[in-house]
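Shown next: protein-v1.cif, given as mmCIF, C-alpha atoms.
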data_upload
#
loop_
_atom_site.label_atom_id
_atom_site.label_comp_id
_atom_site.auth_asym_id
_atom_site.auth_seq_id
_atom_site.Cartn_x
_atom_site.Cartn_y
_atom_site.Cartn_z
CA MET A 1 0.00 0.00 0.00
CA THR A 2 1.36 3.40 -0.86
CA ASN A 3 1.13 6.54 1.23
CA GLN A 4 -1.79 7.94 -0.68
CA ASP A 5 -4.13 5.06 0.12
CA SER A 6 -6.43 4.81 3.08
CA PRO A 7 -8.22 1.68 4.28
CA GLU A 8 -11.55 3.46 3.88
CA GLU A 9 -10.89 4.04 0.20
CA LEU A 10 -9.69 0.46 -0.21
CA LEU A 11 -12.94 -0.89 1.19
CA PRO A 12 -14.80 -1.32 -2.15
CA PHE A 13 -11.78 -3.03 -3.70
CA PHE A 14 -11.40 -5.18 -0.61
CA ALA A 15 -15.04 -6.21 -1.14
CA LEU A 16 -14.35 -6.85 -4.83
CA GLY A 17 -11.42 -9.09 -3.90
CA VAL A 18 -8.77 -7.17 -5.81
CA VAL A 19 -6.51 -5.84 -3.09
CA SER A 20 -3.02 -7.14 -2.32
CA GLU A 21 -2.35 -9.26 0.76
CA GLU A 22 -0.77 -6.26 2.49
CA GLU A 23 -3.78 -4.09 1.69
CA ARG A 24 -6.10 -6.86 2.87
CA SER A 25 -4.29 -6.98 6.23
CA GLN A 26 -4.49 -3.21 6.58
CA VAL A 27 -8.21 -3.14 5.86
CA GLU A 28 -8.84 -6.03 8.27
CA ALA A 29 -6.88 -4.20 10.96
CA TRP A 30 -8.78 -0.99 10.25
CA LEU A 31 -12.09 -2.83 10.53
CA THR A 32 -11.16 -4.15 13.94
CA VAL A 33 -10.43 -0.58 15.03
CA HIS A 34 -13.69 0.60 13.40
CA PRO A 35 -16.17 -2.23 14.06
CA GLU A 36 -19.00 0.14 13.18
CA ARG A 37 -17.88 -0.12 9.55
CA ARG A 38 -17.93 -3.94 9.45
CA ALA A 39 -21.58 -4.08 8.39
CA GLU A 40 -20.84 -1.72 5.51
CA ALA A 41 -17.91 -3.89 4.45
CA ASP A 42 -20.04 -7.03 4.62
CA GLU A 43 -22.80 -5.40 2.57
CA MET A 44 -20.31 -4.34 -0.08
CA ALA A 45 -18.85 -7.85 -0.19
CA TRP A 46 -22.34 -9.28 -0.47
CA ALA A 47 -23.13 -7.02 -3.44
CA ALA A 48 -19.76 -7.80 -5.03
CA GLN A 49 -20.23 -11.55 -4.77
CA ALA A 50 -23.65 -11.25 -6.40
CA LEU A 51 -21.72 -10.33 -9.56
CA ALA A 52 -20.71 -14.00 -9.80
CA ARG A 53 -24.30 -14.67 -10.83
CA LEU A 54 -23.76 -12.73 -14.04
CA ALA A 55 -21.69 -15.60 -15.38
CA ALA A 56 -23.69 -18.09 -17.38
CA PRO A 57 -23.45 -21.56 -15.83
CA VAL A 58 -21.48 -24.19 -17.70
CA ALA A 59 -21.19 -27.89 -17.07
CA PRO A 60 -17.98 -28.73 -15.20
CA ALA A 61 -15.78 -31.41 -16.75
CA GLU A 62 -17.04 -34.90 -15.95
CA THR A 63 -13.69 -35.83 -14.43
CA ILE A 64 -13.88 -33.26 -11.63
CA ARG A 65 -16.51 -34.87 -9.43
CA PRO A 66 -14.87 -38.33 -9.29
CA ALA A 67 -11.50 -36.68 -8.70
CA LEU A 68 -12.96 -34.72 -5.81
CA VAL A 69 -14.58 -37.82 -4.33
CA GLU A 70 -11.28 -39.71 -4.66
CA ARG A 71 -9.45 -36.90 -2.91
CA MET A 72 -11.89 -36.98 0.01
CA ARG A 73 -11.68 -40.79 0.13
CA GLN A 74 -7.88 -40.67 0.24
CA GLN A 75 -7.94 -38.14 3.03
CA ALA A 76 -10.38 -40.30 4.99
CA GLY A 77 -8.13 -43.31 4.31
CA ASP A 78 -5.09 -41.49 5.63
CA SER A 79 -6.97 -40.64 8.80
CA GLY A 80 -8.13 -44.25 9.11
CA ARG A 81 -4.60 -45.60 8.74
CA SER A 82 -3.39 -43.25 11.45
CA ARG A 83 -6.07 -44.52 13.80
CA LEU A 84 -5.16 -48.16 12.98
CA ALA A 85 -1.50 -47.51 13.73
CA SER A 86 -2.45 -46.13 17.12
CA ARG A 87 -4.55 -49.21 17.93
CA LYS A 88 -1.52 -51.53 17.43
CA PHE A 89 0.03 -50.10 20.55
CA SER A 90 -3.12 -49.80 22.57
CA TRP A 91 -3.44 -53.45 23.70
CA THR A 92 0.25 -53.85 24.54
CA MET A 93 0.76 -50.66 26.42
CA PRO A 94 -2.56 -49.38 27.74
CA ALA A 95 -1.02 -47.23 30.42
CA LEU A 96 1.32 -45.62 27.93
CA THR A 97 -1.56 -45.07 25.54
CA ALA A 98 -3.66 -43.41 28.21
CA ALA A 99 -0.74 -41.23 29.21
CA SER A 100 -0.08 -40.38 25.57
CA LEU A 101 -3.71 -39.47 25.04
CA ALA A 102 -3.74 -37.27 28.09
CA LEU A 103 -0.53 -35.65 26.94
CA ALA A 104 -1.99 -35.18 23.48
CA VAL A 105 -5.10 -33.52 24.89
CA VAL A 106 -2.96 -31.18 26.96
CA ALA A 107 -0.70 -30.49 23.98
CA ILE A 108 -3.64 -29.77 21.69
CA ALA A 109 -5.23 -27.47 24.25
CA TRP A 110 -1.91 -25.72 24.75
CA ALA A 111 -1.33 -25.44 21.00
CA SER A 112 -4.83 -24.02 20.50
CA SER A 113 -4.25 -21.53 23.25
CA LEU A 114 -0.90 -20.55 21.77
CA ARG A 115 -2.40 -20.24 18.30
CA ALA A 116 -5.16 -17.99 19.60
CA GLU A 117 -2.59 -15.85 21.39
CA VAL A 118 -0.40 -15.64 18.31
CA ASN A 119 -3.40 -14.68 16.17
CA GLN A 120 -4.34 -12.00 18.67
CA VAL A 121 -0.79 -10.67 18.76
CA HIS A 122 -0.70 -10.59 14.94
CA LEU A 123 -3.99 -8.73 14.84
CA GLU A 124 -2.90 -6.20 17.45
CA ALA A 125 0.40 -5.73 15.64
CA ALA A 126 -1.41 -5.10 12.38
CA GLN A 127 -3.69 -2.57 14.08
CA ALA A 128 -0.78 -0.83 15.72
CA ARG A 129 1.14 -0.82 12.44
CA ALA A 130 -1.84 0.68 10.60
CA THR A 131 -2.22 3.41 13.23
CA LEU A 132 1.52 4.10 13.33
CA ASP A 133 1.76 4.19 9.54
CA ALA A 134 -1.06 6.71 9.38
CA GLN A 135 0.41 8.86 12.15
CA ALA A 136 3.90 8.66 10.69
CA GLN A 137 2.61 9.75 7.32
CA LEU A 138 0.68 12.63 8.86
CA LEU A 139 3.77 13.74 10.76
CA ALA A 140 5.91 13.44 7.66
CA ASP A 141 3.48 15.53 5.65
CA LEU A 142 3.10 18.14 8.38
CA SER A 143 6.82 18.45 9.04
CA SER A 144 8.09 18.17 5.49
CA PRO A 145 10.40 21.11 4.61
CA ALA A 146 8.50 21.37 1.35
CA ALA A 147 5.13 21.63 3.10
CA ARG A 148 3.22 24.88 2.67
CA LEU A 149 0.26 26.13 4.65
CA VAL A 150 -2.93 27.29 2.97
CA GLU A 151 -5.90 28.65 4.93
CA ILE A 152 -9.27 27.38 3.71
CA PRO A 153 -12.21 29.45 5.02
CA GLY A 154 -15.76 28.35 5.75
CA THR A 155 -18.43 29.35 3.27
CA THR A 156 -21.64 31.24 4.03
CA ALA A 157 -23.22 27.83 4.68
CA ARG A 158 -20.78 27.30 7.58
CA PRO A 159 -19.00 30.59 8.32
CA GLN A 160 -17.63 29.39 11.65
CA ALA A 161 -15.74 26.56 9.96
CA SER A 162 -12.11 26.81 8.92
CA ALA A 163 -9.32 24.53 7.79
CA ARG A 164 -5.60 24.49 7.25
CA LEU A 165 -4.15 22.63 4.31
CA PHE A 166 -0.59 21.35 4.77
CA ALA A 167 0.73 20.39 1.36
CA ASP A 168 3.88 19.87 -0.60
CA PRO A 169 2.85 21.35 -3.97
CA GLU A 170 4.61 18.52 -5.78
CA ALA A 171 3.13 15.70 -3.69
CA VAL A 172 -0.01 13.76 -4.49
CA SER A 173 -1.40 13.84 -0.98
CA ALA A 174 -1.82 16.47 1.70
CA VAL A 175 -3.30 16.95 5.15
CA LEU A 176 -6.32 19.08 5.98
CA VAL A 177 -6.91 20.04 9.61
CA VAL A 178 -10.53 21.06 10.03
CA SER A 179 -12.46 22.75 12.84
CA GLY A 180 -15.85 24.33 13.35
CA LEU A 181 -17.89 21.87 11.30
CA SER A 182 -21.11 20.34 12.55
CA PRO A 183 -20.99 16.65 13.47
CA ASN A 184 -22.11 14.60 10.47
CA PRO A 185 -25.85 14.06 10.26
CA ALA A 186 -26.70 10.33 10.07
CA GLY A 187 -26.03 8.92 6.62
CA SER A 188 -23.78 11.75 5.53
CA VAL A 189 -20.07 12.32 5.11
CA TYR A 190 -17.83 15.26 4.38
CA GLN A 191 -16.18 14.95 0.98
CA LEU A 192 -13.02 16.71 -0.19
CA TRP A 193 -12.79 18.15 -3.70
CA LEU A 194 -9.84 19.40 -5.69
CA ILE A 195 -10.76 21.91 -8.35
CA ARG A 196 -8.98 22.94 -11.53
CA GLY A 197 -11.02 25.02 -13.98
CA ASP A 198 -14.22 23.10 -14.64
CA VAL A 199 -12.76 19.84 -13.37
CA VAL A 200 -13.82 18.81 -9.86
CA VAL A 201 -12.23 15.63 -8.52
CA GLY A 202 -13.15 13.78 -5.34
CA ALA A 203 -10.16 13.73 -2.98
CA GLY A 204 -11.36 11.76 0.03
CA LEU A 205 -14.03 11.39 2.69
CA PHE A 206 -14.00 12.18 6.39
CA HIS A 207 -16.13 12.45 9.49
CA VAL A 208 -15.65 14.99 12.26
CA ASP A 209 -15.62 14.35 16.00
CA ALA A 210 -18.22 15.66 18.43
CA ALA A 211 -16.38 19.00 18.57
CA GLY A 212 -16.51 19.36 14.78
CA ARG A 213 -12.79 18.67 14.27
CA ALA A 214 -11.00 16.29 11.94
CA THR A 215 -7.62 15.64 10.41
CA ALA A 216 -8.26 14.39 6.90
CA ARG A 217 -5.95 13.15 4.21
CA VAL A 218 -6.36 14.74 0.79
CA HIS A 219 -5.74 12.24 -2.02
CA SER A 220 -4.94 13.21 -5.56
CA SER A 221 -3.72 11.38 -8.64
CA ASP A 222 -1.88 14.57 -9.70
CA GLN A 223 0.31 17.00 -7.81
CA VAL A 224 -1.73 18.97 -5.31
CA GLY A 225 -0.04 22.15 -6.52
CA GLY A 226 -1.62 21.63 -9.93
CA TYR A 227 -5.06 22.39 -8.52
CA GLU A 228 -6.52 25.85 -8.08
CA ALA A 229 -8.89 25.31 -5.17
CA LEU A 230 -10.03 22.93 -2.48
CA GLY A 231 -13.58 22.50 -1.25
CA VAL A 232 -15.52 20.37 1.20
CA SER A 233 -19.18 19.47 0.79
CA ILE A 234 -21.72 17.37 2.70
CA GLU A 235 -22.56 14.23 0.75
CA PRO A 236 -24.48 10.99 1.30
CA GLU A 237 -22.51 8.22 3.03
CA GLY A 238 -20.15 6.71 0.49
CA GLY A 239 -19.54 10.03 -1.26
CA SER A 240 -20.64 11.36 -4.65
CA GLU A 241 -19.08 11.69 -8.08
CA GLN A 242 -19.63 15.44 -8.03
CA PRO A 243 -20.65 17.81 -5.21
CA THR A 244 -24.37 17.60 -4.52
CA GLY A 245 -24.76 19.00 -1.00
CA ASP A 246 -23.86 22.20 0.82
CA ILE A 247 -20.28 23.36 0.28
CA VAL A 248 -18.99 24.20 3.74
CA LEU A 249 -15.30 25.00 3.07
CA LEU A 250 -13.84 26.53 -0.06
CA GLY A 251 -10.56 28.29 -0.74
CA THR A 252 -7.97 28.83 -3.41
CA ILE A 253 -4.71 26.90 -3.25
CA THR A 254 -1.92 29.43 -3.52
CA PHE A 255 1.57 28.55 -2.35
CA MET B 256 -33.96 -37.11 4.74
CA SER B 257 -32.77 -36.61 1.17
CA LEU B 258 -29.83 -34.24 0.97
CA ASP B 259 -31.59 -32.47 -1.89
CA LEU B 260 -34.11 -31.12 0.59
CA LEU B 261 -31.54 -29.62 2.92
CA SER B 262 -30.56 -25.95 2.82
CA ASP B 263 -27.07 -24.93 1.75
CA GLU B 264 -26.28 -24.03 5.33
CA ALA B 265 -27.41 -27.43 6.63
CA LEU B 266 -25.30 -29.14 3.98
CA VAL B 267 -22.18 -27.15 4.77
CA GLU B 268 -22.62 -28.00 8.44
CA ARG B 269 -22.64 -31.68 7.47
CA VAL B 270 -19.56 -31.10 5.31
CA SER B 271 -17.77 -29.70 8.35
CA SER B 272 -18.46 -33.03 10.08
CA GLY B 273 -16.84 -34.93 7.23
CA ASP B 274 -19.97 -35.86 5.25
CA SER B 275 -18.69 -36.24 1.68
CA ALA B 276 -22.21 -36.83 0.31
CA ALA B 277 -23.17 -33.35 1.54
CA LEU B 278 -20.26 -31.87 -0.41
CA GLU B 279 -21.41 -33.75 -3.50
CA ALA B 280 -24.89 -32.27 -3.02
CA LEU B 281 -23.38 -28.76 -2.88
CA TYR B 282 -21.31 -29.56 -5.95
CA GLU B 283 -24.52 -30.61 -7.70
CA ARG B 284 -26.08 -27.25 -6.87
CA TYR B 285 -23.17 -24.94 -7.55
CA GLY B 286 -20.64 -26.78 -9.72
CA SER B 287 -21.95 -25.24 -12.93
CA ALA B 288 -22.16 -21.75 -11.39
CA VAL B 289 -18.53 -21.92 -10.23
CA ALA B 290 -17.46 -23.26 -13.64
CA GLY B 291 -19.38 -20.40 -15.30
CA LEU B 292 -17.59 -17.86 -13.12
CA GLY B 293 -14.32 -19.55 -14.04
CA ARG B 294 -15.08 -19.31 -17.72
CA LYS B 295 -15.95 -15.64 -17.46
CA ILE B 296 -12.75 -14.76 -15.61
CA LEU B 297 -10.24 -17.30 -16.91
CA GLY B 298 -11.54 -18.53 -20.23
CA GLU B 299 -9.26 -21.56 -20.50
CA ARG B 300 -10.89 -24.93 -20.01
CA SER B 301 -8.05 -26.46 -17.99
CA ALA B 302 -7.94 -23.45 -15.68
CA ILE B 303 -11.70 -23.67 -15.18
CA ASP B 304 -11.47 -27.34 -14.21
CA ASP B 305 -8.71 -26.61 -11.71
CA LEU B 306 -10.74 -23.75 -10.27
CA VAL B 307 -13.86 -25.87 -9.77
CA GLN B 308 -11.99 -28.72 -8.11
CA GLU B 309 -9.91 -26.46 -5.86
CA THR B 310 -12.94 -24.39 -4.85
CA PHE B 311 -14.90 -27.40 -3.67
CA TRP B 312 -11.81 -28.92 -2.07
CA ARG B 313 -11.47 -25.74 -0.03
CA VAL B 314 -15.12 -25.95 0.94
CA TRP B 315 -14.37 -29.49 2.16
CA LYS B 316 -11.35 -28.36 4.15
CA ARG B 317 -12.72 -25.09 5.47
CA ALA B 318 -16.42 -25.79 5.98
CA GLY B 319 -15.93 -25.32 9.71
CA SER B 320 -14.93 -21.70 9.19
CA PHE B 321 -18.17 -20.81 7.39
CA SER B 322 -20.26 -18.49 9.56
CA PRO B 323 -23.97 -18.21 8.63
CA GLY B 324 -24.13 -14.95 10.56
CA ARG B 325 -21.84 -13.27 8.02
CA GLY B 326 -23.89 -14.20 4.94
CA ARG B 327 -25.23 -16.98 2.79
CA PHE B 328 -23.25 -20.01 1.72
CA SER B 329 -23.44 -19.06 -1.97
CA SER B 330 -21.76 -15.73 -1.24
CA TRP B 331 -19.01 -17.48 0.73
CA LEU B 332 -18.53 -20.05 -2.02
CA PHE B 333 -18.32 -17.43 -4.77
CA GLY B 334 -15.85 -15.50 -2.63
CA ILE B 335 -13.56 -18.55 -2.49
CA ALA B 336 -13.91 -19.21 -6.23
CA HIS B 337 -13.38 -15.57 -7.15
CA HIS B 338 -10.31 -15.20 -4.94
CA GLN B 339 -8.70 -18.23 -6.56
CA ALA B 340 -9.64 -17.14 -10.07
CA ILE B 341 -8.14 -13.68 -9.59
CA ASP B 342 -5.00 -15.21 -8.10
CA HIS B 343 -4.66 -17.43 -11.13
CA LEU B 344 -5.37 -14.56 -13.50
CA ARG B 345 -2.75 -12.36 -11.92
CA ARG B 346 -0.19 -15.16 -11.91
CA ALA B 347 -0.83 -15.93 -15.54
CA ARG B 348 -1.13 -12.25 -16.43
CA SER B 349 -3.63 -13.27 -19.05
CA ARG B 350 -6.57 -11.13 -19.95
CA PRO B 351 -8.53 -13.32 -22.33
CA HIS B 352 -11.90 -11.59 -22.45
CA ALA B 353 -13.34 -8.46 -23.99
CA LEU B 354 -14.30 -5.80 -21.46
CA GLU B 355 -18.00 -6.02 -22.17
CA ILE B 356 -20.13 -8.62 -20.52
CA GLU B 357 -20.63 -10.70 -23.60
CA SER B 358 -23.65 -12.71 -24.49
CA GLU B 359 -22.80 -16.30 -23.65
CA VAL B 360 -24.23 -19.56 -24.78
CA GLU B 361 -25.32 -21.52 -21.77
CA ALA B 362 -24.05 -25.07 -21.76
CA VAL B 363 -26.52 -26.86 -19.56
CA ASP B 364 -25.34 -29.87 -17.64
CA PRO B 365 -27.79 -32.67 -18.54
CA GLU B 366 -27.64 -33.93 -14.95
CA THR B 367 -28.59 -30.60 -13.44
CA ASP B 368 -31.89 -30.54 -11.65
CA VAL B 369 -34.37 -28.59 -13.78
CA ALA B 370 -35.96 -26.72 -10.87
CA GLU B 371 -32.52 -25.85 -9.51
CA ALA B 372 -31.41 -24.62 -12.93
CA ALA B 373 -34.55 -22.51 -13.25
CA GLY B 374 -33.91 -20.98 -9.84
CA GLN B 375 -30.33 -20.14 -10.80
CA SER B 376 -31.52 -18.62 -14.04
CA ILE B 377 -33.99 -16.38 -12.23
CA LEU B 378 -31.29 -15.22 -9.82
CA ARG B 379 -29.03 -14.43 -12.74
CA SER B 380 -31.75 -12.34 -14.37
CA VAL B 381 -32.30 -10.43 -11.14
CA VAL B 382 -28.59 -9.62 -10.83
CA GLN B 383 -28.41 -8.67 -14.52
CA GLU B 384 -31.28 -6.24 -14.03
CA ALA B 385 -29.77 -4.75 -10.90
CA PHE B 386 -26.35 -4.42 -12.50
CA GLY B 387 -27.92 -2.90 -15.61
CA ALA B 388 -29.47 -0.18 -13.44
CA LEU B 389 -26.01 1.17 -12.55
CA PRO B 390 -24.56 4.13 -14.44
CA ASP B 391 -22.21 2.95 -17.20
CA GLU B 392 -19.11 4.43 -15.58
CA GLN B 393 -19.76 2.64 -12.27
CA ARG B 394 -20.57 -0.64 -14.02
CA ARG B 395 -17.35 -0.42 -15.98
CA VAL B 396 -15.23 -0.05 -12.86
CA LEU B 397 -16.91 -3.02 -11.16
CA GLU B 398 -16.50 -5.19 -14.28
CA LEU B 399 -12.81 -4.41 -14.61
CA ALA B 400 -12.20 -5.16 -10.95
CA TYR B 401 -14.37 -8.23 -10.45
CA PHE B 402 -14.05 -10.02 -13.76
CA ARG B 403 -10.64 -8.83 -14.94
CA GLY B 404 -8.89 -8.57 -11.60
CA PHE B 405 -7.67 -5.06 -12.35
CA SER B 406 -6.23 -3.11 -9.43
CA ARG B 407 -7.43 0.43 -8.74
CA ARG B 408 -4.47 1.91 -10.53
CA GLU B 409 -4.86 -0.38 -13.52
CA ILE B 410 -8.49 0.71 -13.81
CA SER B 411 -7.47 4.35 -13.49
CA GLU B 412 -4.93 3.92 -16.28
CA ALA B 413 -7.22 1.82 -18.48
CA LEU B 414 -10.04 4.37 -18.31
CA GLY B 415 -7.85 7.47 -18.16
CA VAL B 416 -9.68 8.68 -15.07
CA PRO B 417 -8.14 9.99 -11.80
CA LEU B 418 -7.70 7.44 -9.02
CA GLY B 419 -9.98 9.38 -6.69
CA THR B 420 -12.78 9.13 -9.23
CA ILE B 421 -12.22 5.37 -9.52
CA HIS B 422 -12.50 5.07 -5.73
CA THR B 423 -15.75 6.99 -5.78
CA ARG B 424 -17.22 5.04 -8.69
CA ALA B 425 -16.41 1.69 -7.09
CA ARG B 426 -17.91 2.75 -3.77
CA LEU B 427 -21.04 4.25 -5.29
CA GLY B 428 -21.36 1.32 -7.68
CA LEU B 429 -21.40 -1.23 -4.89
CA ILE B 430 -23.76 0.86 -2.76
CA LYS B 431 -26.18 1.23 -5.66
CA LEU B 432 -25.87 -2.42 -6.66
CA ARG B 433 -26.71 -3.44 -3.10
CA ALA B 434 -29.79 -1.20 -3.14
CA GLU B 435 -30.93 -2.44 -6.55
CA LEU B 436 -30.51 -6.07 -5.48
CA ARG B 437 -32.48 -5.49 -2.28
CA THR B 438 -35.24 -3.71 -4.21
CA ARG B 439 -35.58 -6.77 -6.42
CA GLY B 440 -35.75 -9.11 -3.44
CA TYR B 441 -32.36 -10.70 -4.04
CA ASN B 442 -31.32 -12.29 -0.77
CA GLU B 443 -28.67 -14.88 -1.63
#
Would you give me this structure, written as structure tokens?
Amino acid sequence: MTNQDSPEELLPFFALGVVSEEERSQVEAWLTVHPERRAEADEMAWAAQALARLAAPVAPAETIRPALVERMRQQAGDSGRSRLASRKFSWTMPALTAASLALAVVAIAWASSLRAEVNQVHLEAAQARATLDAQAQLLADLSSPAARLVEIPGTTARPQASARLFADPEAVSAVLVVSGLSPNPAGSVYQLWLIRGDVVVGAGLFHVDAAGRATARVHSSDQVGGYEALGVSIEPEGGSEQPTGDIVLLGTITF
Amino acid sequence: MSLDLLSDEALVERVSSGDSAALEALYERYGSAVAGLGRKILGERSAIDDLVQETFWRVWKRAGSFSPGRGRFSSWLFGIAHHQAIDHLRRARSRPHALEIESEVEAVDPETDVAEAAGQSILRSVVQEAFGALPDEQRRVLELAYFRGFSRREISEALGVPLGTIHTRARLGLIKLRAELRTRGYNE
């Protein structure tokens, strides 16, 4: 995953099954930190997997089913042979067998416990890594010698709002520190827009905290310095292709 | 009780207990759908056969990890099949199909249950209608991702559209597809 990606933006591609393993881990970690978004992720995955129905059914090769049955039979046979081998010792050394079984039970329980702990540690590490990566990137952007500060004022729709854009004009991402916005009404999101002439490009989504503050990442496929203005509008959850709601922040990008 | 009368979820529970007949029943229901998905994504016959066998083998091995609370069995199954198909596609770096969802000739398995086949056909029509209700630009992004395995950047480059716009189209496309499916009563 590169610096300009965020797990939230990866979510649709995660649902579509076309993210890398690293991106998948990051999204999974993000979802554990944001369990309230799990239902949204599941719904997206559900819709994505419905696409499989668009494929016209075709008869599988006749050889597949017997091959599958044979594979299952072989596996069952392997298990059976293992059990038989164990029985050879059971009548000669019952005490040893009982002790071995008890040891096996303890070992399995211990292994399960260890596995659960390892999984938990991996998950926590992934979460911590995701958080640290995000914070490190924010710090890097904010402290970059090339970073410039641009004040973005609130519009008449939200005159008390204001924002500060920290951007390297030649970078493809930036940081916007926002204050004075109203907490998002249910089902809505704040959406960032980069503007150049008549072209308005979505640059990310964010929510604000109860105090109306947020630190949002601005994403662009071109250099941020190539845009003339930045705006923020209120959009339905999931964002829009073009601004449809009230524009609450708008300012020119001059470095 | 005949396995044919059991729900998918009841069958997969039996599979998790090692009931191979239950897996065969699921294969009977979904083998042709998985093969169809394989043909749409991979094209090659040998790759399709591998996909079908590996998908159902994974169902056999992982049935215990299926959680009914997270969705229907069919969705889980297609997720496994799709993941493997995209893996194969990316490894082979082959892109055999045209971008459009082409009209395909359905090769019906003579052993397929007629009522089951009719049910599958109806579901397919419902999804086609729902997908057709999406704006072209959103549909295009979902097609390139789901059936061609394109990454976000590959889609952005293929369509000549900024990455941020691709993110938005994918998100809105899935949200709208979900709503259109629900409106039509799709609940698989």
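When all atoms listed in the file are used to compute distances to chain B, the closest of the residues A:Ile152, A:Leu51, A:Leu192, A:Leu230 turns out to be A:Leu51.
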Test item: residues at most 10 Å from range 307-314 of chain B, only C-alpha atoms, excluding those fewer than 5 positions along its chain, as a PyMOL selection string: (chain A and resi 60-61+63-65+67-69+71-72) or (chain B and resi 267+270-271+278-279+281-282+285-293+302+319-321+331-340)
Could you write out as a CSV table (one decimal) with C-alpha atoms, in the frame of the given file the residues of chain A within 7 Å of chain B, counting all atoms listed in the file?
chain,number,residue,atom,x,y,z
A,9,GLU,CA,-10.9,4.0,0.2
A,12,PRO,CA,-14.8,-1.3,-2.2
A,16,LEU,CA,-14.4,-6.8,-4.8
A,17,GLY,CA,-11.4,-9.1,-3.9
A,18,VAL,CA,-8.8,-7.2,-5.8
A,19,VAL,CA,-6.5,-5.8,-3.1
A,44,MET,CA,-20.3,-4.3,-0.1
A,46,TRP,CA,-22.3,-9.3,-0.5
A,47,ALA,CA,-23.1,-7.0,-3.4
A,48,ALA,CA,-19.8,-7.8,-5.0
A,49,GLN,CA,-20.2,-11.6,-4.8
A,50,ALA,CA,-23.6,-11.2,-6.4
A,52,ALA,CA,-20.7,-14.0,-9.8
A,53,ARG,CA,-24.3,-14.7,-10.8
A,54,LEU,CA,-23.8,-12.7,-14.0
A,55,ALA,CA,-21.7,-15.6,-15.4
A,56,ALA,CA,-23.7,-18.1,-17.4
A,57,PRO,CA,-23.4,-21.6,-15.8
A,58,VAL,CA,-21.5,-24.2,-17.7
A,59,ALA,CA,-21.2,-27.9,-17.1
A,60,PRO,CA,-18.0,-28.7,-15.2
A,61,ALA,CA,-15.8,-31.4,-16.8
A,64,ILE,CA,-13.9,-33.3,-11.6
A,68,LEU,CA,-13.0,-34.7,-5.8
A,201,VAL,CA,-12.2,15.6,-8.5
A,202,GLY,CA,-13.2,13.8,-5.3
A,203,ALA,CA,-10.2,13.7,-3.0
A,219,HIS,CA,-5.7,12.2,-2.0
A,220,SER,CA,-4.9,13.2,-5.6
A,221,SER,CA,-3.7,11.4,-8.6
A,238,GLY,CA,-20.2,6.7,0.5
A,239,GLY,CA,-19.5,10.0,-1.3
A,240,SER,CA,-20.6,11.4,-4.6
A,241,GLU,CA,-19.1,11.7,-8.1
Interatomic distance (Å, one decimal) between CA of Glu235 in chain A and CA of Ala186 in chain A: 10.9 Å
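With CA of Val218 in chain A on one side and CA of Pro169 in chain A on the other, the separation reads 12.3 Å.
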Just so the selection is clear, what residues does the PyMOL selection byres ((chain A and resi 244) around 12) cover here, as a short mmCIF file (atom, residue, chain, number, x, y, z; two decimals) with C-alpha atoms, in the frame of the given file?
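Result file follows (selection31.cif):
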data_model
loop_
_atom_site.label_atom_id
_atom_site.label_comp_id
_atom_site.auth_asym_id
_atom_site.auth_seq_id
_atom_site.Cartn_x
_atom_site.Cartn_y
_atom_site.Cartn_z
CA SER A 188 -23.78 11.75 5.53
CA VAL A 189 -20.07 12.32 5.11
CA TYR A 190 -17.83 15.26 4.38
CA GLN A 191 -16.18 14.95 0.98
CA TRP A 193 -12.79 18.15 -3.70
CA VAL A 200 -13.82 18.81 -9.86
CA GLY A 202 -13.15 13.78 -5.34
CA VAL A 232 -15.52 20.37 1.20
CA SER A 233 -19.18 19.47 0.79
CA ILE A 234 -21.72 17.37 2.70
CA GLU A 235 -22.56 14.23 0.75
CA PRO A 236 -24.48 10.99 1.30
CA GLY A 239 -19.54 10.03 -1.26
CA SER A 240 -20.64 11.36 -4.65
CA GLU A 241 -19.08 11.69 -8.08
CA GLN A 242 -19.63 15.44 -8.03
CA PRO A 243 -20.65 17.81 -5.21
CA GLY A 245 -24.76 19.00 -1.00
CA ASP A 246 -23.86 22.20 0.82
CA ILE A 247 -20.28 23.36 0.28
CA VAL A 248 -18.99 24.20 3.74
#
Output of the PyMOL selection byres ((chain A and resi 41) around 9), listed as a ChimeraX atom specification: /A:11-12,14-15,31,37-40,42-46
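One finds CA of Leu165 in chain A at 6.3 Å from CA of Glu151 in chain A.
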Selection dump of the PyMOL selection byres ((chain A and resi 180) around 6), as a ChimeraX atom specification: /A:160-161,179,181,212
Keeping C-alpha atoms for every residue in the selection just given, could you write it to a file as a PDB file, in the coordinates of the input?
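This went into part-v7.pdb:
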ATOM      1  CA  GLN A 160     -17.630  29.390  11.650  1.00  0.00           C
ATOM      2  CA  ALA A 161     -15.740  26.560   9.960  1.00  0.00           C
ATOM      3  CA  SER A 179     -12.460  22.750  12.840  1.00  0.00           C
ATOM      4  CA  LEU A 181     -17.890  21.870  11.300  1.00  0.00           C
ATOM      5  CA  GLY A 212     -16.510  19.360  14.780  1.00  0.00           C
TER       6      GLY A 212
END
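Among the candidate residues B:Arg284, B:Leu261, B:Gly298, B:Val396, the one lying nearest to Leu344 in chain B is B:Gly298, with distances computed using only C-alpha atoms.
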Within 7 Å of file point (0.4, 13.9, -5.9), counting all atoms listed in the file, expressed as a PyMOL selection string: chain A and resi 170-173+220-224
